[in-house]
$ cat target.pdb   # PDB, C-alpha atoms, pLDDT in the B column
ATOM      1  CA  MET V1353     -30.028 -38.442  16.334  1.00 46.00           C
ATOM      2  CA  ASN V1354     -28.988 -41.998  15.508  1.00 56.00           C
ATOM      3  CA  GLY V1355     -26.404 -44.054  17.368  1.00 58.00           C
ATOM      4  CA  LEU V1356     -23.669 -43.729  14.762  1.00 59.00           C
ATOM      5  CA  GLY V1357     -24.016 -39.929  14.618  1.00 68.00           C
ATOM      6  CA  THR V1358     -23.782 -39.740  18.408  1.00 78.00           C
ATOM      7  CA  ALA V1359     -20.681 -41.930  18.409  1.00 77.00           C
ATOM      8  CA  ARG V1360     -18.995 -39.749  15.791  1.00 73.00           C
ATOM      9  CA  ARG V1361     -19.755 -36.590  17.736  1.00 76.00           C
ATOM     10  CA  LEU V1362     -18.477 -38.082  20.974  1.00 81.00           C
ATOM     11  CA  ARG V1363     -15.256 -39.205  19.275  1.00 79.00           C
ATOM     12  CA  GLY V1364     -14.882 -35.771  17.669  1.00 75.00           C
ATOM     13  CA  THR V1365     -15.291 -34.115  21.071  1.00 84.00           C
ATOM     14  CA  ALA V1366     -12.695 -36.465  22.559  1.00 85.00           C
ATOM     15  CA  VAL V1367     -10.264 -35.666  19.735  1.00 82.00           C
ATOM     16  CA  TRP V1368     -10.781 -31.927  20.232  1.00 83.00           C
ATOM     17  CA  ALA V1369     -10.311 -32.219  24.006  1.00 87.00           C
ATOM     18  CA  ALA V1370      -7.125 -34.274  23.600  1.00 87.00           C
ATOM     19  CA  THR V1371      -5.781 -31.773  21.066  1.00 85.00           C
ATOM     20  CA  THR V1372      -6.587 -28.845  23.330  1.00 89.00           C
ATOM     21  CA  LEU V1373      -4.834 -30.515  26.244  1.00 90.00           C
ATOM     22  CA  GLY V1374      -1.797 -31.357  24.118  1.00 87.00           C
ATOM     23  CA  VAL V1375      -1.486 -27.849  22.704  1.00 83.00           C
ATOM     24  CA  THR V1376      -1.871 -26.352  26.187  1.00 89.00           C
ATOM     25  CA  LEU V1377       0.946 -28.529  27.502  1.00 87.00           C
ATOM     26  CA  LEU V1378       3.054 -27.624  24.478  1.00 84.00           C
ATOM     27  CA  LEU V1379       2.572 -23.896  25.066  1.00 81.00           C
ATOM     28  CA  ARG V1380       3.433 -24.237  28.755  1.00 81.00           C
ATOM     29  CA  TRP V1381       6.576 -26.158  27.830  1.00 83.00           C
ATOM     30  CA  CYS V1382       7.577 -23.498  25.278  1.00 80.00           C
ATOM     31  CA  ALA V1383       6.707 -20.552  27.567  1.00 78.00           C
ATOM     32  CA  PRO V1384      10.225 -20.081  29.056  1.00 77.00           C
ATOM     33  CA  ASP V1385      11.830 -20.128  25.621  1.00 74.00           C
ATOM     34  CA  LEU V1386       9.178 -17.776  24.277  1.00 69.00           C
ATOM     35  CA  ALA V1387       9.991 -15.327  27.065  1.00 67.00           C
ATOM     36  CA  GLY V1388      13.690 -15.628  26.225  1.00 64.00           C
ATOM     37  CA  ALA V1389      13.005 -14.963  22.561  1.00 62.00           C
ATOM     38  CA  SER V1390      11.642 -11.508  23.387  1.00 65.00           C
ATOM     39  CA  ALA V1391      14.966 -10.461  24.966  1.00 64.00           C
ATOM     40  CA  PRO V1392      17.714 -12.840  23.772  1.00 63.00           C
ATOM     41  CA  ARG V1393      21.091 -12.684  25.524  1.00 65.00           C
ATOM     42  CA  ASP V1394      23.019 -14.466  22.767  1.00 70.00           C
ATOM     43  CA  PHE V1395      22.595 -16.308  19.494  1.00 72.00           C
ATOM     44  CA  THR V1396      21.694 -19.549  21.261  1.00 76.00           C
ATOM     45  CA  ASP V1397      18.790 -17.911  23.071  1.00 71.00           C
ATOM     46  CA  LEU V1398      17.650 -16.381  19.798  1.00 71.00           C
ATOM     47  CA  LEU V1399      17.785 -19.755  17.996  1.00 78.00           C
ATOM     48  CA  VAL V1400      15.992 -21.628  20.763  1.00 76.00           C
ATOM     49  CA  GLY V1401      13.395 -18.890  21.054  1.00 75.00           C
ATOM     50  CA  GLY V1402      12.802 -18.972  17.297  1.00 79.00           C
ATOM     51  CA  PHE V1403      12.194 -22.717  17.363  1.00 78.00           C
ATOM     52  CA  ALA V1404       9.841 -22.271  20.330  1.00 79.00           C
ATOM     53  CA  VAL V1405       7.844 -19.659  18.421  1.00 82.00           C
ATOM     54  CA  VAL V1406       7.589 -21.925  15.360  1.00 84.00           C
ATOM     55  CA  LEU V1407       6.550 -24.881  17.506  1.00 82.00           C
ATOM     56  CA  ALA V1408       3.929 -22.823  19.328  1.00 82.00           C
ATOM     57  CA  LEU V1409       2.519 -21.516  16.045  1.00 85.00           C
ATOM     58  CA  CYS V1410       2.331 -25.054  14.663  1.00 87.00           C
ATOM     59  CA  GLY V1411       0.499 -26.193  17.783  1.00 81.00           C
ATOM     60  CA  CYS V1412      -1.988 -23.340  17.522  1.00 87.00           C
ATOM     61  CA  TRP V1413      -2.501 -24.037  13.820  1.00 82.00           C
ATOM     62  CA  TRP V1414      -3.195 -27.707  14.522  1.00 81.00           C
ATOM     63  CA  TRP V1415      -5.685 -26.756  17.243  1.00 84.00           C
ATOM     64  CA  LEU V1416      -7.534 -24.467  14.815  1.00 83.00           C
ATOM     65  CA  VAL V1417      -7.661 -27.213  12.150  1.00 80.00           C
ATOM     66  CA  THR V1418      -8.916 -29.733  14.697  1.00 81.00           C
ATOM     67  CA  THR V1419     -11.579 -27.313  15.883  1.00 82.00           C
ATOM     68  CA  ALA V1420     -12.774 -26.680  12.310  1.00 78.00           C
ATOM     69  CA  VAL V1421     -12.948 -30.383  11.439  1.00 77.00           C
ATOM     70  CA  VAL V1422     -14.732 -31.319  14.675  1.00 77.00           C
ATOM     71  CA  LEU V1423     -17.302 -28.590  14.052  1.00 78.00           C
ATOM     72  CA  GLN V1424     -17.925 -30.065  10.590  1.00 75.00           C
ATOM     73  CA  VAL V1425     -18.389 -33.495  12.138  1.00 75.00           C
ATOM     74  CA  TRP V1426     -20.890 -32.073  14.598  1.00 77.00           C
ATOM     75  CA  ARG V1427     -22.807 -30.343  11.796  1.00 74.00           C
ATOM     76  CA  GLY V1428     -22.699 -33.418   9.569  1.00 70.00           C
ATOM     77  CA  SER V1429     -21.211 -31.524   6.601  1.00 68.00           C
ATOM     78  CA  VAL V1430     -17.654 -32.788   6.232  1.00 67.00           C
ATOM     79  CA  ARG V1431     -15.516 -31.258   3.482  1.00 67.00           C
ATOM     80  CA  GLU V1432     -12.384 -32.912   2.179  1.00 63.00           C
ATOM     81  CA  ARG V1433     -10.816 -29.655   1.007  1.00 65.00           C
ATOM     82  CA  THR V1434     -10.312 -26.672   3.257  1.00 67.00           C
ATOM     83  CA  PRO V1435      -8.194 -23.674   2.171  1.00 67.00           C
ATOM     84  CA  GLY V1436      -4.820 -23.683   3.868  1.00 65.00           C
ATOM     85  CA  VAL V1437      -5.192 -27.184   5.329  1.00 72.00           C
ATOM     86  CA  PRO V1438      -3.469 -30.230   3.799  1.00 74.00           C
ATOM     87  CA  ARG V1439      -5.846 -32.973   2.772  1.00 72.00           C
ATOM     88  CA  ALA V1440      -3.801 -35.533   4.696  1.00 77.00           C
ATOM     89  CA  ALA V1441      -4.345 -33.626   7.949  1.00 73.00           C
ATOM     90  CA  ILE V1442      -8.111 -33.580   7.372  1.00 73.00           C
ATOM     91  CA  ARG V1443      -8.148 -37.321   6.648  1.00 75.00           C
ATOM     92  CA  VAL V1444      -6.176 -38.048   9.835  1.00 77.00           C
ATOM     93  CA  LEU V1445      -8.598 -36.043  11.953  1.00 73.00           C
ATOM     94  CA  LEU V1446     -11.661 -37.573  10.277  1.00 73.00           C
ATOM     95  CA  ALA V1447     -10.274 -41.056  10.830  1.00 75.00           C
ATOM     96  CA  ALA V1448      -9.759 -40.205  14.495  1.00 75.00           C
ATOM     97  CA  CYS V1449     -13.396 -39.044  14.626  1.00 73.00           C
ATOM     98  CA  GLY V1450     -14.626 -42.271  13.004  1.00 69.00           C
ATOM     99  CA  VAL V1451     -15.439 -40.683   9.636  1.00 67.00           C
ATOM    100  CA  ALA V1452     -13.940 -41.677   6.276  1.00 56.00           C
ATOM    101  CA  LEU V1453     -14.298 -39.821   2.979  1.00 53.00           C
ATOM    102  CA  ALA V1454     -14.957 -41.931  -0.137  1.00 47.00           C
ATOM    103  CA  GLY V1455     -13.102 -40.290  -3.047  1.00 45.00           C
ATOM    104  CA  ALA V1456     -13.883 -36.594  -3.486  1.00 39.00           C
ATOM    105  CA  SER V1457     -17.394 -36.810  -2.087  1.00 42.00           C
ATOM    106  CA  THR V1458     -18.549 -34.037   0.185  1.00 42.00           C
ATOM    107  CA  LEU V1459     -20.760 -36.335   2.243  1.00 42.00           C
ATOM    108  CA  PRO V1460     -19.381 -38.398   5.138  1.00 46.00           C
ATOM    109  CA  ALA V1461     -19.305 -42.137   4.690  1.00 45.00           C
ATOM    110  CA  VAL V1462     -19.274 -44.231   7.836  1.00 46.00           C
ATOM    111  CA  ALA V1463     -16.363 -46.637   7.961  1.00 46.00           C
ATOM    112  CA  THR V1464     -18.623 -49.656   8.327  1.00 47.00           C
ATOM    113  CA  PRO V1465     -19.821 -51.963   5.533  1.00 49.00           C
ATOM    114  CA  GLY V1466     -23.396 -51.997   4.350  1.00 47.00           C
ATOM    115  CA  ALA V1467     -26.080 -49.345   4.543  1.00 46.00           C
ATOM    116  CA  VAL V1468     -26.527 -47.013   7.512  1.00 46.00           C
ATOM    117  CA  LEU V1469     -30.010 -45.845   8.396  1.00 47.00           C
ATOM    118  CA  HIS V1470     -30.524 -42.089   8.550  1.00 49.00           C
ATOM    119  CA  GLY V1471     -34.162 -42.475   9.407  1.00 51.00           C
ATOM    120  CA  ALA V1472     -36.842 -45.072   9.789  1.00 51.00           C
ATOM    121  CA  ASP V1473     -36.948 -45.977   6.096  1.00 54.00           C
ATOM    122  CA  ARG V1474     -34.062 -44.193   4.299  1.00 53.00           C
ATOM    123  CA  PRO V1475     -30.878 -46.272   4.102  1.00 53.00           C
ATOM    124  CA  THR V1476     -27.780 -44.618   2.698  1.00 54.00           C
ATOM    125  CA  ARG V1477     -25.924 -46.157  -0.233  1.00 56.00           C
ATOM    126  CA  SER V1478     -23.064 -48.442   0.713  1.00 55.00           C
ATOM    127  CA  ALA V1479     -19.490 -47.416  -0.053  1.00 54.00           C
ATOM    128  CA  LEU V1480     -19.292 -50.620  -2.132  1.00 55.00           C
ATOM    129  CA  THR V1481     -21.966 -49.375  -4.528  1.00 59.00           C
ATOM    130  CA  GLY V1482     -20.643 -49.190  -8.078  1.00 59.00           C
ATOM    131  CA  LEU V1483     -17.838 -51.685  -7.639  1.00 58.00           C
ATOM    132  CA  PRO V1484     -17.760 -54.431 -10.307  1.00 61.00           C
ATOM    133  CA  LEU V1485     -19.345 -57.677  -9.289  1.00 61.00           C
ATOM    134  CA  PRO V1486     -17.697 -61.038  -9.991  1.00 58.00           C
ATOM    135  CA  ASP V1487     -18.400 -62.594 -13.361  1.00 57.00           C
ATOM    136  CA  ARG V1488     -21.783 -64.214 -13.491  1.00 56.00           C
ATOM    137  CA  PRO V1489     -23.992 -65.644 -16.260  1.00 56.00           C
ATOM    138  CA  LEU V1490     -26.144 -62.887 -17.730  1.00 57.00           C
ATOM    139  CA  GLY V1491     -28.822 -65.237 -18.994  1.00 57.00           C
ATOM    140  CA  GLY V1492     -29.636 -66.735 -15.636  1.00 58.00           C
ATOM    141  CA  LEU V1493     -29.204 -70.366 -14.720  1.00 67.00           C
ATOM    142  CA  ARG V1494     -29.262 -72.739 -17.629  1.00 73.00           C
ATOM    143  CA  PRO V1495     -31.733 -75.617 -17.360  1.00 73.00           C
ATOM    144  CA  PRO V1496     -30.142 -79.037 -17.155  1.00 77.00           C
ATOM    145  CA  ARG V1497     -29.677 -80.712 -20.508  1.00 79.00           C
ATOM    146  CA  VAL V1498     -32.144 -83.576 -20.861  1.00 75.00           C
ATOM    147  CA  PRO V1499     -31.034 -86.330 -23.201  1.00 73.00           C
ATOM    148  CA  PRO V1500     -33.476 -86.942 -26.058  1.00 70.00           C
ATOM    149  CA  ALA V1501     -35.877 -89.776 -25.559  1.00 68.00           C
ATOM    150  CA  PRO V1502     -35.221 -92.842 -27.703  1.00 70.00           C
ATOM    151  CA  PRO V1503     -37.551 -93.178 -30.706  1.00 71.00           C
ATOM    152  CA  ALA V1504     -40.619 -95.332 -30.294  1.00 83.00           C
ATOM    153  CA  ALA V1505     -40.261 -98.828 -31.672  1.00 87.00           C
ATOM    154  CA  ILE V1506     -42.324-101.966 -32.119  1.00 87.00           C
ATOM    155  CA  LEU V1507     -41.388-105.635 -32.300  1.00 90.00           C
ATOM    156  CA  VAL V1508     -42.914-107.482 -35.256  1.00 91.00           C
ATOM    157  CA  THR V1509     -45.052-110.471 -34.270  1.00 92.00           C
ATOM    158  CA  PRO V1510     -46.448-113.201 -36.512  1.00 92.00           C
ATOM    159  CA  GLY V1511     -49.256-111.875 -38.707  1.00 89.00           C
ATOM    160  CA  ASP V1512     -48.113-108.245 -38.594  1.00 90.00           C
ATOM    161  CA  SER V1513     -47.735-106.067 -41.686  1.00 91.00           C
ATOM    162  CA  LEU V1514     -46.829-102.472 -42.229  1.00 90.00           C
ATOM    163  CA  TRP V1515     -50.477-101.736 -43.011  1.00 91.00           C
ATOM    164  CA  SER V1516     -51.732-103.316 -39.764  1.00 91.00           C
ATOM    165  CA  ILE V1517     -49.091-101.531 -37.748  1.00 91.00           C
ATOM    166  CA  ALA V1518     -49.977 -98.196 -39.401  1.00 89.00           C
ATOM    167  CA  ALA V1519     -53.706 -98.746 -38.896  1.00 90.00           C
ATOM    168  CA  HIS V1520     -53.162 -99.563 -35.234  1.00 89.00           C
ATOM    169  CA  ARG V1521     -51.057 -96.448 -34.734  1.00 88.00           C
ATOM    170  CA  LEU V1522     -53.438 -94.082 -36.525  1.00 88.00           C
ATOM    171  CA  GLY V1523     -56.628 -95.394 -34.999  1.00 87.00           C
ATOM    172  CA  PRO V1524     -60.060 -96.058 -36.477  1.00 89.00           C
ATOM    173  CA  THR V1525     -60.575 -92.474 -37.682  1.00 90.00           C
ATOM    174  CA  ALA V1526     -57.651 -92.620 -40.155  1.00 87.00           C
ATOM    175  CA  THR V1527     -58.427 -92.754 -43.853  1.00 91.00           C
ATOM    176  CA  HIS V1528     -56.833 -95.129 -46.350  1.00 91.00           C
ATOM    177  CA  ALA V1529     -54.682 -92.248 -47.635  1.00 91.00           C
ATOM    178  CA  ASP V1530     -53.411 -91.556 -44.124  1.00 90.00           C
ATOM    179  CA  THR V1531     -52.621 -95.223 -43.570  1.00 90.00           C
ATOM    180  CA  ALA V1532     -50.833 -95.517 -46.923  1.00 91.00           C
ATOM    181  CA  ALA V1533     -48.779 -92.402 -46.226  1.00 91.00           C
ATOM    182  CA  TYR V1534     -47.808 -93.715 -42.799  1.00 92.00           C
ATOM    183  CA  CYS V1535     -46.795 -97.061 -44.333  1.00 91.00           C
ATOM    184  CA  ARG V1536     -44.471 -95.277 -46.748  1.00 92.00           C
ATOM    185  CA  ARG V1537     -42.885 -93.328 -43.917  1.00 92.00           C
ATOM    186  CA  LEU V1538     -42.551 -96.464 -41.800  1.00 90.00           C
ATOM    187  CA  HIS V1539     -40.861 -98.349 -44.640  1.00 92.00           C
ATOM    188  CA  ALA V1540     -38.517 -95.464 -45.428  1.00 92.00           C
ATOM    189  CA  LEU V1541     -37.478 -95.223 -41.792  1.00 90.00           C
ATOM    190  CA  ASN V1542     -36.773 -98.975 -41.529  1.00 92.00           C
ATOM    191  CA  ARG V1543     -35.601 -99.759 -45.062  1.00 91.00           C
ATOM    192  CA  SER V1544     -32.266-101.086 -43.778  1.00 92.00           C
ATOM    193  CA  THR V1545     -34.148-103.629 -41.630  1.00 90.00           C
ATOM    194  CA  ILE V1546     -37.074-104.533 -43.916  1.00 90.00           C
ATOM    195  CA  GLY V1547     -35.375-104.355 -47.280  1.00 90.00           C
ATOM    196  CA  PRO V1548     -36.753-103.019 -50.564  1.00 90.00           C
ATOM    197  CA  ASP V1549     -40.061-104.935 -50.296  1.00 89.00           C
ATOM    198  CA  PRO V1550     -42.440-103.202 -47.843  1.00 86.00           C
ATOM    199  CA  ASP V1551     -44.779-106.211 -47.834  1.00 86.00           C
ATOM    200  CA  LEU V1552     -42.139-108.559 -46.480  1.00 88.00           C
ATOM    201  CA  ILE V1553     -41.499-108.190 -42.768  1.00 90.00           C
ATOM    202  CA  ARG V1554     -40.429-110.959 -40.420  1.00 90.00           C
ATOM    203  CA  PRO V1555     -41.357-111.673 -36.800  1.00 91.00           C
ATOM    204  CA  GLY V1556     -38.731-110.483 -34.342  1.00 92.00           C
ATOM    205  CA  GLN V1557     -37.718-107.435 -36.403  1.00 91.00           C
ATOM    206  CA  ARG V1558     -37.585-104.204 -34.451  1.00 91.00           C
ATOM    207  CA  LEU V1559     -39.154-101.336 -36.386  1.00 91.00           C
ATOM    208  CA  VAL V1560     -38.683 -97.702 -35.451  1.00 89.00           C
ATOM    209  CA  LEU V1561     -41.946 -95.753 -35.588  1.00 89.00           C
ATOM    210  CA  PRO V1562     -42.187 -92.222 -37.045  1.00 85.00           C
ATOM    211  CA  ASP V1563     -42.429 -89.389 -34.527  1.00 74.00           C
ATOM    212  CA  HIS V1564     -45.931 -88.315 -35.513  1.00 66.00           C
ATOM    213  CA  PRO V1565     -48.565 -90.924 -36.313  1.00 61.00           C
ATOM    214  CA  THR V1566     -50.388 -88.592 -38.703  1.00 55.00           C
ATOM    215  CA  SER V1567     -49.064 -87.363 -42.046  1.00 47.00           C
TER     216      SER V1567
END
$ encode --input "target.pdb" --output "structure tokens"
Amino acid sequence: MNGLGTARRLRGTAVWAATTLGVTLLLRWCAPDLAGASAPRDFTDLLVGGFAVVLALCGCWWWLVTTAVVLQVWRGSVRERTPGVPRAAIRVLLAACGVALAGASTLPAVATPGAVLHGADRPTRSALTGLPLPDRPLGGLRPPRVPPAPPAAILVTPGDSLWSIAAHRLGPTATHADTAAYCRRLHALNRSTIGPDPDLIRPGQRLVLPDHPTS
């Protein structure tokens, strides 16, 4: 028996004991009027006796309902609907016993947030299960946007040509066709700086290099 179950049973027993005491006091208070109702002397005695009978019956009915609900709490099988008993009365008694019903469920839900352990490794589902969560990105966290790196460039020095620049970029294993193709790409990329003549470049010019050194 876990701690929460023991607490619910103790509270249920206290509720039943308080109800029994209250109904007993009510019946003792109504006893003189009940005796007068059996042999009324006038209309006033009859009216007062009738009210006493109704009040006593209501007290007995409430004691029976309390007894039934407390027994359900002790057994751990709480039902929200009981024939002849208003649902509001059941909810009031369950709240007094420390038990709250979630919707129309037939299982008791402890009025504490989070999961309650029934055993060593079996947590119950929280009453918050199924509620919509706040809006959140479905695709996970987006990686930070990295600005693109500036294109590689070279500063023309005296004696440079497009061919020498291309040969230096491609390395000694490049063929003449590779070097010529790279020169054409280099000139096309920097035509606004070099001009229409690819063989005429001037020291100090800044030439943007193609992304890939090979064709």
$ atom_distance --input "target.pdb" --atom1 "atom CA of Ile1546 of chain V" --atom2 "atom CA of Arg1558 of chain V"
9.5 Å
$ residues_around --input "target.pdb" --residues "His1539 of chain V" --least-positions-apart "6" --cutoff "12 Å" --atoms "only C-alpha atoms" --output "list of chain:residue names"
V:Ser1513, V:Leu1514, V:Trp1515, V:Ile1517, V:Ala1518, V:Ala1532, V:Ala1533, V:Thr1545, V:Ile1546, V:Gly1547, V:Pro1548, V:Asp1549, V:Pro1550, V:Asp1551, V:Leu1552, V:Ile1553, V:Leu1559, V:Val1560, V:Leu1561, V:Pro1562
$ resolve_selection --input "target.pdb" --expression "the PyMOL selection byres ((chain V and resi 1407-1423) around 8)" --output "list in words"
Arg1361, Gly1364, Thr1365, Val1367, Trp1368, Thr1371, Thr1372, Val1375, Leu1378, Leu1379, Cys1382, Phe1403, Ala1404, Val1405, Val1406, Gln1424, Val1425, Trp1426, Arg1427, Val1430, Val1437, Ile1442, Leu1445, Leu1446 and Cys1449 of chain V
$ write_last_selection --input "target.pdb" --atoms "C-alpha atoms" --output "PDB file, in the coordinates of the input"
ATOM      1  CA  ARG V1361     -19.755 -36.590  17.736  1.00 76.00           C
ATOM      2  CA  GLY V1364     -14.882 -35.771  17.669  1.00 75.00           C
ATOM      3  CA  THR V1365     -15.291 -34.115  21.071  1.00 84.00           C
ATOM      4  CA  VAL V1367     -10.264 -35.666  19.735  1.00 82.00           C
ATOM      5  CA  TRP V1368     -10.781 -31.927  20.232  1.00 83.00           C
ATOM      6  CA  THR V1371      -5.781 -31.773  21.066  1.00 85.00           C
ATOM      7  CA  THR V1372      -6.587 -28.845  23.330  1.00 89.00           C
ATOM      8  CA  VAL V1375      -1.486 -27.849  22.704  1.00 83.00           C
ATOM      9  CA  LEU V1378       3.054 -27.624  24.478  1.00 84.00           C
ATOM     10  CA  LEU V1379       2.572 -23.896  25.066  1.00 81.00           C
ATOM     11  CA  CYS V1382       7.577 -23.498  25.278  1.00 80.00           C
ATOM     12  CA  PHE V1403      12.194 -22.717  17.363  1.00 78.00           C
ATOM     13  CA  ALA V1404       9.841 -22.271  20.330  1.00 79.00           C
ATOM     14  CA  VAL V1405       7.844 -19.659  18.421  1.00 82.00           C
ATOM     15  CA  VAL V1406       7.589 -21.925  15.360  1.00 84.00           C
ATOM     16  CA  GLN V1424     -17.925 -30.065  10.590  1.00 75.00           C
ATOM     17  CA  VAL V1425     -18.389 -33.495  12.138  1.00 75.00           C
ATOM     18  CA  TRP V1426     -20.890 -32.073  14.598  1.00 77.00           C
ATOM     19  CA  ARG V1427     -22.807 -30.343  11.796  1.00 74.00           C
ATOM     20  CA  VAL V1430     -17.654 -32.788   6.232  1.00 67.00           C
ATOM     21  CA  VAL V1437      -5.192 -27.184   5.329  1.00 72.00           C
ATOM     22  CA  ILE V1442      -8.111 -33.580   7.372  1.00 73.00           C
ATOM     23  CA  LEU V1445      -8.598 -36.043  11.953  1.00 73.00           C
ATOM     24  CA  LEU V1446     -11.661 -37.573  10.277  1.00 73.00           C
ATOM     25  CA  CYS V1449     -13.396 -39.044  14.626  1.00 73.00           C
TER      26      CYS V1449
END
$ atom_distance --input "target.pdb" --atom1 "atom CA of Val1400 of chain V" --atom2 "atom CA of Asp1385 of chain V"
6.6 Å
$ atom_distance --input "target.pdb" --atom1 "atom CA of Arg1521 of chain V" --atom2 "atom CA of Val1498 of chain V"
26.8 Å
$ axis_aligned_box --input "target.pdb" --around "segment 1362-1380 of chain V" --padding-each-side "4 Å" --output "AutoDock Vina command-line options"
--center_x -7.5 --center_y -31.6 --center_z 23.2 --size_x 29.9 --size_y 23.3 --size_z 19.1
$ resolve_selection --input "target.pdb" --expression "the PyMOL selection byres ((chain V and resi 1556) around 7)" --output "ChimeraX atom specification"
/V:1507-1509,1554-1555,1557-1558
$ write_last_selection --input "target.pdb" --atoms "C-alpha atoms" --output "CSV table (one decimal), in the coordinates of the input"
chain,number,residue,atom,x,y,z
V,1507,LEU,CA,-41.4,-105.6,-32.3
V,1508,VAL,CA,-42.9,-107.5,-35.3
V,1509,THR,CA,-45.1,-110.5,-34.3
V,1554,ARG,CA,-40.4,-111.0,-40.4
V,1555,PRO,CA,-41.4,-111.7,-36.8
V,1557,GLN,CA,-37.7,-107.4,-36.4
V,1558,ARG,CA,-37.6,-104.2,-34.5
